[in-house]
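Participant: Structure file entry-v4.pdb (PDB, C-alpha atoms) is given on the next line.
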```pdb
ATOM      1  CA  MET A   9       0.000   0.000   0.000
ATOM      2  CA  ARG A  10       1.425   3.355  -1.043
ATOM      3  CA  LEU A  11       0.760   6.514   1.033
ATOM      4  CA  ASN A  12       0.183   9.834  -0.613
ATOM      5  CA  MET A  13       2.555  12.331   1.081
ATOM      6  CA  GLY A  14       1.694  15.237  -1.212
ATOM      7  CA  GLY A  15      -1.340  16.211   0.854
ATOM      8  CA  LYS A  16       0.783  17.071   3.862
ATOM      9  CA  TYR A  17       2.971  19.480   1.889
ATOM     10  CA  TYR A  18      -0.050  20.997   0.181
ATOM     11  CA  THR A  19      -1.701  21.680   3.549
ATOM     12  CA  ILE A  20       1.427  23.207   5.107
ATOM     13  CA  GLY A  21       2.061  25.340   2.032
ATOM     14  CA  SER A  22      -1.535  26.535   2.009
ATOM     15  CA  LEU A  23      -1.377  27.528   5.674
ATOM     16  CA  LEU A  24       1.892  29.412   5.218
ATOM     17  CA  GLY A  25       0.546  31.129   2.123
ATOM     18  CA  SER A  26      -2.652  32.212   3.888
ATOM     19  CA  PHE A  27      -0.638  33.660   6.777
ATOM     20  CA  ALA A  28       1.578  35.554   4.323
ATOM     21  CA  ILE A  29      -1.435  36.997   2.502
ATOM     22  CA  ALA A  30      -3.100  37.986   5.791
ATOM     23  CA  TYR A  31       0.102  39.683   7.006
ATOM     24  CA  LEU A  32       0.539  41.632   3.778
ATOM     25  CA  PHE A  33      -3.105  42.699   3.711
ATOM     26  CA  ASP A  34      -2.935  43.854   7.345
ATOM     27  CA  HIS A  35       0.319  45.713   6.747
ATOM     28  CA  TYR A  36      -0.926  47.645   3.741
ATOM     29  CA  VAL A  37      -4.374  48.422   5.152
ATOM     30  CA  ALA A  38      -3.348  49.321   8.723
ATOM     31  CA  ASP A  39       0.197  50.668   8.361
ATOM     32  CA  LYS A  40       0.354  52.049   4.824
ATOM     33  CA  LYS A  41      -3.285  53.224   4.916
ATOM     34  CA  ILE A  42      -4.022  52.341   1.281
ATOM     35  CA  PHE A  43      -7.701  53.199   1.814
ATOM     36  CA  GLY A  44      -6.875  56.580   3.364
ATOM     37  CA  GLY A  45      -7.271  57.839   6.880
ATOM     38  CA  THR A  46      -4.844  58.860   9.575
ATOM     39  CA  THR A  47      -3.685  57.538  12.908
ATOM     40  CA  PRO A  48      -5.732  59.107  15.714
ATOM     41  CA  ARG A  49      -3.896  61.572  17.940
ATOM     42  CA  THR A  50      -4.875  59.534  21.007
ATOM     43  CA  VAL A  51      -2.889  56.565  19.682
ATOM     44  CA  ALA A  52       0.155  58.462  18.412
ATOM     45  CA  SER A  53       0.575  60.982  21.238
ATOM     46  CA  LYS A  54       3.039  60.113  23.990
ATOM     47  CA  GLU A  55       1.523  62.744  26.306
ATOM     48  CA  TRP A  56      -1.958  61.255  25.938
ATOM     49  CA  ARG A  57      -0.667  57.780  26.816
ATOM     50  CA  GLU A  58       1.219  59.088  29.871
ATOM     51  CA  GLU A  59      -1.849  60.938  31.147
ATOM     52  CA  THR A  60      -4.016  57.851  30.636
ATOM     53  CA  ASP A  61      -1.501  55.680  32.497
ATOM     54  CA  ARG A  62      -1.352  58.225  35.321
ATOM     55  CA  LYS A  63      -5.160  58.125  35.658
ATOM     56  CA  PHE A  64      -5.220  54.330  35.645
ATOM     57  CA  ASP A  65      -2.427  54.124  38.223
ATOM     58  CA  ARG A  66      -4.304  56.305  40.699
ATOM     59  CA  GLY A  67      -7.097  54.829  42.693
ATOM     60  CA  TRP A  68     -10.464  56.529  42.566
ATOM     61  CA  PRO A  69     -12.886  56.615  45.499
ATOM     62  CA  ARG A  70     -15.824  54.268  45.551
ATOM     63  CA  THR A  71     -18.895  54.510  47.733
ATOM     64  CA  ALA A  72     -18.769  50.766  48.408
ATOM     65  CA  GLY A  73     -15.266  50.526  49.795
ATOM     66  CA  ALA A  74     -11.604  51.262  49.279
ATOM     67  CA  PRO A  75     -10.235  52.911  46.120
ATOM     68  CA  VAL A  76      -9.373  50.595  43.236
ATOM     69  CA  VAL A  77      -6.906  50.633  40.352
ATOM     70  CA  MET A  78      -8.088  49.289  37.014
ATOM     71  CA  ASN A  79      -5.922  47.073  34.850
ATOM     72  CA  PRO A  80      -7.217  47.914  31.338
ATOM     73  CA  ILE A  81      -5.686  44.828  29.721
ATOM     74  CA  SER A  82      -7.283  42.128  31.847
ATOM     75  CA  ARG A  83     -10.234  44.300  32.987
ATOM     76  CA  GLN A  84      -9.576  43.458  36.625
ATOM     77  CA  ASN A  85      -9.820  45.915  39.474
ATOM     78  CA  PHE A  86      -7.406  45.817  42.380
ATOM     79  CA  ILE A  87      -8.018  47.348  45.801
ATOM     80  CA  VAL A  88      -5.460  49.994  46.719
ATOM     81  CA  LYS A  89      -4.180  49.505  50.257
ATOM     82  CA  GLU A  90      -2.949  52.522  52.145
ATOM     83  CA  ARG A  91       0.741  52.415  52.935
ATOM     84  CA  VAL A  92       1.795  52.817  56.517
ATOM     85  CA  GLU A  93       5.101  54.632  56.836
ATOM     86  CA  SER A  94       7.166  53.750  59.866
TER      87      SER A  94
END
```
What do you get writing this file as structure tokens?
Facilitator:
Amino acid sequence: MRLNMGGKYYTIGSLLGSFAIAYLFDHYVADKKIFGGTTPRTVASKEWREETDRKFDRGWPRTAGAPVVMNPISRQNFIVKERVES
């Protein structure tokens, strides 16, 4: 019985080719902006990012308990404990 090994190479080549096409399409649409548009100032501005990080790093008061700090990536809130200086 003879096995057909060509299918394996065809599948791997097709997967690699689809990833290459997806990468190129994403690069030209998002980075080169072939359909027009600009990058928003809120994404490109270093000052905007620093101010946003500063607001996220501070706790804000809650009526239900202690202040919390939000982690925007995992969407988890952490309770801010007051530091006791000795």
Participant: When you draw a straight line from atom CA of Lys41 of chain A to atom CA of Gly25 of chain A, how long is it in Å?
Facilitator: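 Between atom CA of Lys41 of chain A and atom CA of Gly25 of chain A the gap is 22.6 Å.
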Participant: Hey, can you check how far atom CA of Arg62 of chain A sits from atom CA of Arg49 of chain A?
Facilitator: 17.9 Å
Participant: Could you jot down the atom CA of Ala30 of chain A to atom CA of Thr46 of chain A separation for me, Å, one decimal place?
Facilitator: 21.3 Å
